[in-house]
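S.K.: The following file, entry.cif, comprises mmCIF, C-alpha atoms and all ligand atoms:
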data_start
#
loop_
_atom_site.label_atom_id
_atom_site.label_comp_id
_atom_site.auth_asym_id
_atom_site.auth_seq_id
_atom_site.Cartn_x
_atom_site.Cartn_y
_atom_site.Cartn_z
CA MET I 763 -53.43 37.71 -104.75
CA LEU I 764 -55.62 38.43 -107.75
CA ASP I 765 -56.86 34.88 -107.63
CA LEU I 766 -57.75 35.21 -103.95
CA ILE I 767 -59.68 38.41 -104.66
CA TYR I 768 -61.55 36.72 -107.51
CA HIS I 769 -62.49 33.86 -105.15
CA LEU I 770 -63.92 36.15 -102.46
CA PRO I 771 -67.54 35.24 -103.35
CA GLU I 772 -66.83 31.57 -102.56
CA GLN I 773 -64.98 32.63 -99.41
CA LEU I 774 -68.06 34.54 -98.20
CA GLN I 775 -70.14 31.42 -98.73
CA ASN I 776 -67.66 29.18 -96.88
CA ALA I 777 -67.31 31.73 -94.08
CA TRP I 778 -71.06 31.59 -93.55
CA VAL I 779 -70.91 27.79 -93.22
CA VAL I 780 -68.01 28.07 -90.72
CA GLY I 781 -70.02 30.53 -88.62
CA ARG I 782 -73.08 28.27 -88.63
CA SER I 783 -71.04 25.37 -87.28
CA CYS I 784 -70.00 27.28 -84.14
CA SER I 785 -72.06 26.26 -81.13
CA VAL I 786 -73.17 29.28 -79.17
CA ARG I 787 -74.54 29.42 -75.63
CA LYS I 788 -76.33 32.57 -74.50
CA ARG I 789 -74.83 33.38 -71.10
CA ARG I 790 -76.00 36.70 -69.77
CA LYS I 791 -77.21 40.14 -70.75
CA VAL I 792 -74.74 41.75 -73.13
CA ASP I 793 -73.63 45.38 -72.74
CA ASN I 794 -71.13 45.56 -75.57
CA VAL I 795 -69.24 43.62 -78.22
CA VAL I 796 -65.47 43.95 -78.57
CA ILE I 797 -63.44 42.49 -81.42
CA THR I 798 -59.74 42.44 -80.74
CA GLY I 799 -57.21 41.88 -83.51
CA MET I 800 -54.57 43.55 -85.63
CA GLY I 801 -54.05 44.43 -89.30
CA GLY I 802 -55.93 42.27 -91.77
CA SER I 803 -57.72 40.45 -88.95
CA ALA I 804 -59.01 43.65 -87.33
CA ILE I 805 -60.60 44.73 -90.61
CA GLY I 806 -63.11 41.87 -90.24
CA GLY I 807 -64.19 43.44 -86.96
CA GLU I 808 -64.63 46.80 -88.67
CA ILE I 809 -67.10 45.27 -91.12
CA VAL I 810 -69.15 43.90 -88.23
CA LYS I 811 -68.97 47.23 -86.41
CA SER I 812 -70.22 49.18 -89.45
CA LEU I 813 -73.12 46.80 -90.02
CA LEU I 814 -74.19 46.83 -86.38
CA LEU I 815 -73.88 50.61 -86.25
CA ALA I 816 -76.71 50.72 -88.76
CA ASP I 817 -78.63 47.79 -87.29
CA THR I 818 -78.62 47.71 -83.47
CA SER I 819 -78.10 49.89 -80.42
CA ILE I 820 -75.42 47.62 -78.97
CA PRO I 821 -71.98 49.30 -78.95
CA VAL I 822 -69.30 47.49 -80.94
CA MET I 823 -65.64 48.32 -80.57
CA VAL I 824 -62.63 47.13 -82.55
CA TRP I 825 -59.62 47.00 -80.25
CA ARG I 826 -56.10 46.95 -81.68
CA ASP I 827 -53.78 46.71 -78.69
CA TYR I 828 -52.40 44.43 -75.97
CA ARG I 829 -54.50 45.43 -72.94
CA LEU I 830 -58.27 45.60 -73.14
CA PRO I 831 -60.00 48.82 -72.02
CA PRO I 832 -61.90 48.95 -68.68
CA MET I 833 -65.30 48.78 -70.43
CA VAL I 834 -64.62 45.09 -71.17
CA GLY I 835 -66.23 43.10 -68.37
CA ARG I 836 -68.45 40.15 -67.62
CA ARG I 837 -71.21 41.54 -69.84
CA THR I 838 -68.95 41.86 -72.88
CA VAL I 839 -68.88 39.45 -75.80
CA LEU I 840 -65.25 39.36 -76.92
CA PHE I 841 -63.94 38.00 -80.22
CA ALA I 842 -60.19 37.38 -80.28
CA SER I 843 -59.47 37.46 -84.03
CA SER I 844 -56.14 36.50 -85.44
CA TYR I 845 -55.81 34.69 -88.74
CA SER I 846 -52.49 33.11 -87.81
CA GLY I 847 -53.35 32.77 -84.13
CA ASN I 848 -49.88 33.96 -83.23
CA THR I 849 -50.20 37.74 -83.07
CA GLU I 850 -48.87 38.82 -79.70
CA GLU I 851 -51.20 41.80 -79.18
CA THR I 852 -54.25 39.58 -79.77
CA ILE I 853 -52.93 36.83 -77.52
CA ALA I 854 -52.32 39.38 -74.75
CA ALA I 855 -55.83 40.81 -75.18
CA TYR I 856 -57.30 37.29 -75.09
CA LEU I 857 -55.49 36.61 -71.81
CA SER I 858 -56.74 39.85 -70.29
CA GLY I 859 -60.32 38.96 -71.35
CA ARG I 860 -59.95 35.48 -69.87
CA GLU I 861 -58.81 36.97 -66.55
CA ARG I 862 -61.91 39.18 -66.43
CA GLY I 863 -64.35 36.31 -67.02
CA VAL I 864 -65.54 37.69 -70.36
CA GLN I 865 -67.54 35.53 -72.80
CA ILE I 866 -64.90 34.90 -75.47
CA PHE I 867 -64.93 33.45 -78.98
CA VAL I 868 -61.65 32.79 -80.76
CA LEU I 869 -61.57 33.28 -84.54
CA THR I 870 -58.41 31.82 -86.06
CA SER I 871 -56.91 29.28 -88.44
CA GLY I 872 -54.64 27.82 -85.74
CA GLY I 873 -51.52 28.86 -83.81
CA ARG I 874 -51.26 29.65 -80.10
CA LEU I 875 -54.75 31.11 -79.90
CA ALA I 876 -56.34 27.88 -81.15
CA GLU I 877 -54.33 25.92 -78.59
CA MET I 878 -55.29 28.26 -75.76
CA ALA I 879 -58.98 28.20 -76.74
CA ALA I 880 -58.95 24.40 -76.74
CA GLY I 881 -57.20 24.33 -73.36
CA ASP I 882 -59.56 26.90 -71.83
CA GLY I 883 -62.76 25.42 -73.26
CA VAL I 884 -63.39 28.65 -75.20
CA PRO I 885 -65.51 28.31 -78.39
CA LEU I 886 -63.20 28.18 -81.38
CA ILE I 887 -64.29 29.38 -84.81
CA LYS I 888 -61.77 27.57 -86.96
CA ILE I 889 -61.15 28.90 -90.45
CA PRO I 890 -58.97 27.38 -93.20
CA SER I 891 -55.26 28.18 -93.06
CA GLY I 892 -52.84 29.00 -95.88
CA MET I 893 -53.95 32.48 -96.93
CA PRO I 894 -52.42 35.90 -96.28
CA PRO I 895 -54.61 37.25 -93.43
CA ARG I 896 -55.59 40.35 -95.43
CA ALA I 897 -57.04 38.11 -98.15
CA ALA I 898 -59.21 36.27 -95.59
CA ILE I 899 -61.53 39.25 -95.11
CA GLY I 900 -64.65 37.06 -95.51
CA PHE I 901 -63.46 34.52 -92.94
CA MET I 902 -62.50 37.30 -90.52
CA SER I 903 -65.94 38.96 -90.65
CA ILE I 904 -68.86 36.72 -91.61
CA PRO I 905 -68.52 34.10 -88.81
CA ILE I 906 -68.66 36.91 -86.23
CA LEU I 907 -71.95 38.10 -87.75
CA VAL I 908 -73.37 34.58 -87.61
CA VAL I 909 -72.40 34.14 -83.95
CA LEU I 910 -73.84 37.56 -83.02
CA ASN I 911 -77.05 36.59 -84.79
CA LYS I 912 -77.17 33.33 -82.81
CA LEU I 913 -76.75 35.39 -79.64
CA GLY I 914 -79.72 37.50 -80.73
CA LEU I 915 -77.60 40.65 -81.06
CA CYS I 916 -78.13 41.38 -84.76
CA HIS I 917 -80.28 40.29 -87.64
CA ASN I 918 -79.56 37.46 -90.06
CA TYR I 919 -77.31 38.70 -92.88
CA GLU I 920 -77.66 35.68 -95.15
CA ASP I 921 -79.52 37.55 -97.91
CA ASP I 922 -77.03 40.41 -97.82
CA ILE I 923 -74.15 37.95 -98.11
CA MET I 924 -75.81 36.33 -101.12
CA GLU I 925 -76.35 39.71 -102.76
CA THR I 926 -72.69 40.57 -102.13
CA GLU I 927 -71.50 37.32 -103.71
CA ILE I 928 -73.56 37.94 -106.84
CA LEU I 929 -72.45 41.57 -107.14
CA LEU I 930 -68.77 40.69 -106.78
CA LYS I 931 -69.01 37.97 -109.41
CA GLU I 932 -70.81 40.27 -111.85
CA ARG I 933 -68.60 43.33 -111.41
CA MET I 934 -65.14 41.86 -110.79
CA ASN I 935 -63.85 42.15 -114.39
CA PHE I 936 -65.12 45.70 -114.76
CA TRP I 937 -63.56 46.75 -111.46
CA ARG I 938 -60.29 45.13 -112.49
CA ARG I 939 -60.15 47.19 -115.70
CA ARG I 940 -61.03 50.34 -113.77
CA ALA I 941 -58.40 49.46 -111.14
CA SER I 942 -55.78 49.17 -113.83
CA ALA I 943 -56.65 52.68 -115.09
CA LEU I 944 -56.50 54.12 -111.57
CA GLY I 945 -53.21 52.28 -111.02
CA ASN I 946 -51.74 54.34 -113.88
CA PHE I 947 -52.75 57.57 -112.12
CA LEU I 948 -51.35 56.40 -108.80
CA PHE I 949 -47.99 55.33 -110.18
CA LYS I 950 -45.30 57.46 -108.48
CA GLN I 951 -47.93 59.46 -106.57
CA ILE I 952 -49.00 59.42 -102.92
CA PRO I 953 -52.60 58.21 -102.64
CA ILE I 954 -54.80 59.96 -100.10
CA ILE I 955 -58.16 58.28 -99.63
CA TYR I 956 -61.10 60.16 -98.13
CA SER I 957 -64.16 58.22 -96.94
CA MET I 958 -67.31 60.33 -97.04
CA SER I 959 -69.47 58.42 -94.52
CA ARG I 960 -68.70 56.49 -91.35
CA VAL I 961 -69.60 53.10 -92.80
CA LEU I 962 -66.88 53.66 -95.41
CA ASP I 963 -64.17 54.59 -92.91
CA TRP I 964 -62.94 51.01 -92.67
CA VAL I 965 -63.01 50.78 -96.48
CA GLY I 966 -60.77 53.85 -96.78
CA TYR I 967 -58.42 52.40 -94.21
CA ARG I 968 -58.48 49.05 -96.03
CA TRP I 969 -57.38 50.89 -99.21
CA GLN I 970 -54.49 52.40 -97.29
CA CYS I 971 -53.42 49.04 -95.80
CA GLN I 972 -53.75 47.17 -99.10
CA LEU I 973 -51.72 49.84 -100.90
CA ASN I 974 -49.10 49.54 -98.13
CA GLU I 975 -48.93 45.74 -98.04
CA ASN I 976 -49.68 44.71 -101.63
CA ALA I 977 -48.27 47.61 -103.67
CA LYS I 978 -45.62 48.56 -101.05
CA VAL I 979 -46.31 52.29 -101.23
CA ILE I 980 -47.04 54.86 -98.60
CA ALA I 981 -50.71 55.94 -98.55
CA HIS I 982 -52.96 57.82 -96.20
CA HIS I 983 -56.62 57.59 -95.26
CA GLY I 984 -58.71 60.43 -93.85
CA CYS I 985 -62.40 60.97 -93.09
CA LEU I 986 -64.67 63.66 -94.43
CA PRO I 987 -66.15 65.97 -93.25
CA GLU I 988 -63.60 65.94 -90.38
CA GLN I 989 -60.41 66.31 -92.42
CA SER I 990 -61.75 69.34 -94.26
CA HIS I 991 -61.48 71.11 -90.90
CA ASN I 992 -57.76 70.49 -90.42
CA GLU I 993 -55.83 68.35 -92.94
CA VAL I 994 -56.85 70.62 -95.81
CA MET I 995 -54.42 73.21 -94.39
CA GLY I 996 -51.47 70.82 -94.71
CA PHE I 997 -51.44 70.56 -98.51
CA GLY I 998 -48.56 72.47 -100.11
CA ALA I 999 -45.90 71.56 -97.60
CA PRO I 1000 -43.29 70.19 -97.70
CA ASP I 1001 -43.15 71.56 -101.23
CA PHE I 1002 -41.44 68.53 -102.77
CA ILE I 1003 -44.72 66.60 -102.47
CA ASN I 1004 -46.65 69.25 -104.38
CA LYS I 1005 -48.45 67.71 -107.36
CA ARG I 1006 -47.44 64.28 -106.05
CA ILE I 1007 -50.68 63.54 -104.21
CA PHE I 1008 -53.65 61.82 -105.83
CA ILE I 1009 -56.93 62.08 -103.93
CA ILE I 1010 -59.53 59.30 -104.01
CA GLY I 1011 -63.00 60.04 -102.63
CA LEU I 1012 -65.15 57.08 -101.51
CA PHE I 1013 -68.84 57.88 -101.61
CA ASP I 1014 -71.99 56.02 -100.61
CA LYS I 1015 -75.15 57.93 -101.50
CA LYS I 1016 -77.32 56.11 -98.96
CA SER I 1017 -75.14 56.80 -95.91
CA ALA I 1018 -73.35 60.08 -96.70
CA HIS I 1019 -74.81 63.47 -95.94
CA HIS I 1020 -75.32 65.29 -99.25
CA ARG I 1021 -73.23 68.24 -97.96
CA THR I 1022 -70.18 65.99 -97.61
CA LEU I 1023 -69.96 65.44 -101.36
CA ILE I 1024 -70.27 69.18 -101.96
CA ARG I 1025 -67.59 69.70 -99.31
CA PHE I 1026 -65.28 67.24 -101.13
CA GLN I 1027 -65.84 69.02 -104.46
CA GLU I 1028 -65.16 72.46 -102.97
CA MET I 1029 -62.10 71.13 -101.14
CA VAL I 1030 -60.44 69.67 -104.25
CA LYS I 1031 -61.06 72.97 -106.08
CA LEU I 1032 -59.02 74.71 -103.38
CA LEU I 1033 -56.29 72.09 -103.64
CA ARG I 1034 -56.00 72.16 -107.42
CA GLY I 1035 -52.49 73.64 -107.41
CA TYR I 1036 -51.14 71.08 -104.94
CA ILE I 1037 -52.48 67.70 -106.08
CA ALA I 1038 -51.87 65.61 -109.17
CA GLY I 1039 -55.56 64.80 -109.53
CA PHE I 1040 -58.60 63.25 -107.92
CA ARG I 1041 -61.36 60.73 -108.56
CA ILE I 1042 -64.61 59.90 -106.78
CA TYR I 1043 -65.83 56.30 -106.61
CA GLU I 1044 -69.35 55.38 -105.59
CA THR I 1045 -70.60 52.20 -103.93
CA GLU I 1046 -72.70 49.70 -105.87
CA GLY I 1047 -75.33 47.26 -104.63
CA LYS I 1048 -78.35 47.40 -102.35
CA SER I 1049 -77.46 46.15 -98.89
CA LEU I 1050 -74.85 47.92 -96.79
CA LEU I 1051 -72.67 44.80 -96.84
CA ALA I 1052 -72.65 44.69 -100.65
CA ARG I 1053 -72.05 48.43 -100.90
CA MET I 1054 -69.10 48.33 -98.53
CA PHE I 1055 -67.58 45.32 -100.29
CA SER I 1056 -68.04 46.92 -103.72
CA LEU I 1057 -65.51 49.62 -102.87
CA SER I 1058 -63.26 47.51 -100.67
CA VAL I 1059 -62.78 44.88 -103.39
CA PHE I 1060 -62.17 47.63 -105.93
CA GLY I 1061 -59.44 48.98 -103.61
CA ASP I 1062 -57.93 45.49 -103.30
CA LEU I 1063 -57.76 45.29 -107.09
CA VAL I 1064 -56.18 48.76 -107.33
CA SER I 1065 -53.45 47.68 -104.90
CA VAL I 1066 -52.68 44.57 -106.95
CA MET I 1067 -52.68 46.49 -110.24
CA LEU I 1068 -50.31 49.05 -108.75
CA ALA I 1069 -48.10 46.23 -107.42
CA LYS I 1070 -47.93 44.86 -110.96
CA GLN I 1071 -46.99 48.24 -112.39
CA ARG I 1072 -44.32 48.65 -109.73
CA GLY I 1073 -42.96 45.15 -110.30
CA VAL I 1074 -43.45 44.06 -106.66
CA ASP I 1075 -44.96 40.85 -105.30
CA PRO I 1076 -48.32 41.60 -103.63
CA LEU I 1077 -48.16 38.43 -101.54
CA THR I 1078 -44.99 39.00 -99.55
CA ILE I 1079 -44.66 41.34 -96.55
CA PRO I 1080 -40.99 40.89 -95.56
CA ARG I 1081 -40.72 43.92 -93.26
CA ILE I 1082 -43.78 42.87 -91.22
CA ASP I 1083 -42.42 39.31 -90.98
CA GLU I 1084 -39.04 40.58 -89.87
CA LEU I 1085 -40.59 42.83 -87.24
CA LYS I 1086 -42.68 39.96 -85.86
CA GLY I 1087 -39.57 37.77 -85.83
CA SER I 1088 -37.42 40.26 -83.95
CA LEU I 1089 -40.19 40.97 -81.42
CA SER I 1090 -40.66 37.26 -80.78
CA ARG I 1091 -37.00 37.11 -79.71
CA ARG I 1092 -37.55 39.90 -77.15
CA LYS I 1093 -39.00 39.05 -73.73
CA MET I 1094 -42.77 39.81 -73.38
C1 LIG L 1101 -51.03 40.06 -93.45
C2 LIG L 1101 -51.72 41.18 -92.88
C3 LIG L 1101 -51.29 41.67 -91.52
C4 LIG L 1101 -51.78 40.70 -90.42
C5 LIG L 1101 -51.37 41.22 -89.03
C6 LIG L 1101 -51.91 40.39 -87.89
O1 LIG L 1101 -51.70 39.62 -94.61
O2 LIG L 1101 -52.58 41.72 -93.47
O3 LIG L 1101 -51.84 42.95 -91.34
O4 LIG L 1101 -53.17 40.57 -90.49
O5 LIG L 1101 -49.97 41.25 -88.96
O6 LIG L 1101 -51.68 39.02 -88.09
P1 LIG L 1101 -52.90 38.01 -87.91
O7 LIG L 1101 -53.95 38.47 -88.85
O8 LIG L 1101 -52.35 36.67 -88.24
O9 LIG L 1101 -53.30 38.12 -86.48
#
Let's see the structure in the file written out as structure tokens.

M.R.:
Amino acid sequence: MLDLIYHLPEQLQNAWVVGRSCSVRKRRKVDNVVITGMGGSAIGGEIVKSLLLADTSIPVMVWRDYRLPPMVGRRTVLFASSYSGNTEETIAAYLSGRERGVQIFVLTSGGRLAEMAAGDGVPLIKIPSGMPPRAAIGFMSIPILVVLNKLGLCHNYEDDIMETEILLKERMNFWRRRASALGNFLFKQIPIIYSMSRVLDWVGYRWQCQLNENAKVIAHHGCLPEQSHNEVMGFGAPDFINKRIFIIGLFDKKSAHHRTLIRFQEMVKLLRGYIAGFRIYETEGKSLLARMFSLSVFGDLVSVMLAKQRGVDPLTIPRIDELKGSLSRRKM
């Protein structure tokens, strides 16, 4: 897993090339973009959504369920994203998009989705197979950006991708050392991650998912300022988790409101008696893409360092595999 994280800069580069090779035909006026997928595949959609939130007026939604919402229609561009191509929710959503005559792109390494796309004449963005989906974050995001750019729905992110590659290469070893230190704090604690601006919400959720899947620990992600209006009241109960929670604040100076950082600082003061500790981590880099990746990759490294400390294999996800297996034996 560590190796895959270290090779993310090359993955971003390859993902760009994959996106370029997809032939795109502009069909009609576009009202919205929907990216449907689950787990590690859906995260790619979140990256696209955050970038477009700052870049265009076109609404982008990430949809994580079987049936598509009513807003998906003939003027929607739909990406069905599943690394394996066999995720039943994504297949079901693809079928419901196909029924509605939506312009669809399939992003996958193979499986049933690739077969269906070929059979239906739907453009297929084929990415390399053989990785855990959560490690294919570049392949699950960058090709979507390239296709949207070809459709004239967003700007060209090539420079931002290049900046991100350089930043990751330069900072990886430092982040790894820092991740190891944070791993020590998180050992035997419950991590709660607060993202302090909307473009970091997916990053906070990524931390949670990576801690779940790689380190095999329970973790929770919340958003600030919202959670300071409700969740803050929950600390202290049940009492056996007192002093067992470690708070991580994710901060991006360019996108966060300055009051949100003050709010975080005041909130942790109030929680002093209930938490084991807290840390704030700030984004690095210039472009939004690089800034988001700076903290998401750091979180990936933290999850692997914690996995090491806990003596668990970050690559395997037996419970998820078992669940998928038992569901596949039940009638759809
Ligand atoms: C596995 C992982 C999972 C999968 C999810 C959906 O690495 O992160 O969250 O991404 O079970 O599977 P795919 O991505 O194949 O559609």

S.K.: Would you name the residues within 8 Å of ligand LIG 1101 (chain L), counting all atoms listed in the file, and put them as a ChimeraX atom specification?

M.R.: /I:799-804,843-849,852,893-897,971-972,975,1077,1079,1082

S.K.: Quick one: residues within 9 Å of range 915-921 of chain I, all atoms listed in the file, excluding same-chain residues fewer than 4 positions away - as an MDAnalysis selection string?

M.R.: chainID I and resid 778 792 814 817:818 820 904 907:911 925:926 1049 1051

S.K.: Can you pull out the residues contacting Tyr956 in chain I? Cut-off 6 Å, using all atoms listed in the file, and skip same-chain residues under 5 positions away; I want them as number ranges by chain.

M.R.: I: 983-985, 1011

S.K.: Pick out the closest residue to Met1067 in chain I from this set: I:Leu1032, I:Ala943, I:Ile906, I:Ala1038. Count all atoms listed in the file.

M.R.: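 So, comparing all the options, the nearest one is I:Ala943.
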
S.K.: Under the rule that all atoms listed in the file are counted, which of I:Ala1018, I:Cys784, I:Met934, I:Asn1004 is the nearest residue to Pro987 in chain I?

M.R.: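 For Pro987 in chain I, the nearest of the candidates is I:Ala1018.
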
S.K.: State, in Å with one decimal place, the distance from CA of Ile797 in chain I to CA of Gly781 in chain I.

M.R.: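 So the answer is 15.4 Å.
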
S.K.: Just the number, please: distance in Å from CA of Gly998 in chain I to CA of Ile1024 in chain I, one decimal.

M.R.: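 Answer for the CA of Gly998 in chain I to CA of Ile1024 in chain I separation: 22.0 Å.
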
S.K.: So, with only C-alpha atoms as the atoms that count, which of I:Val779, I:Val1059, I:Ile1009, I:Leu1085 lies closest to Lys931 in chain I?

M.R.: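 Between I:Val779, I:Val1059, I:Ile1009, I:Leu1085, the residue approaching Lys931 in chain I most closely is I:Val1059.
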
S.K.: For Met1029 in chain I, list every protein, DNA or RNA residue within 12 Å, evaluated using only C-alpha atoms, and leave out those in the same chain fewer than 2 positions away; present the list as JSON, numbers by chain.

M.R.: {"I": [956, 986, 987, 989, 990, 991, 992, 993, 994, 995, 997, 1009, 1011, 1021, 1022, 1023, 1024, 1025, 1026, 1027, 1031, 1032, 1033, 1034, 1035, 1036, 1037, 1040]}
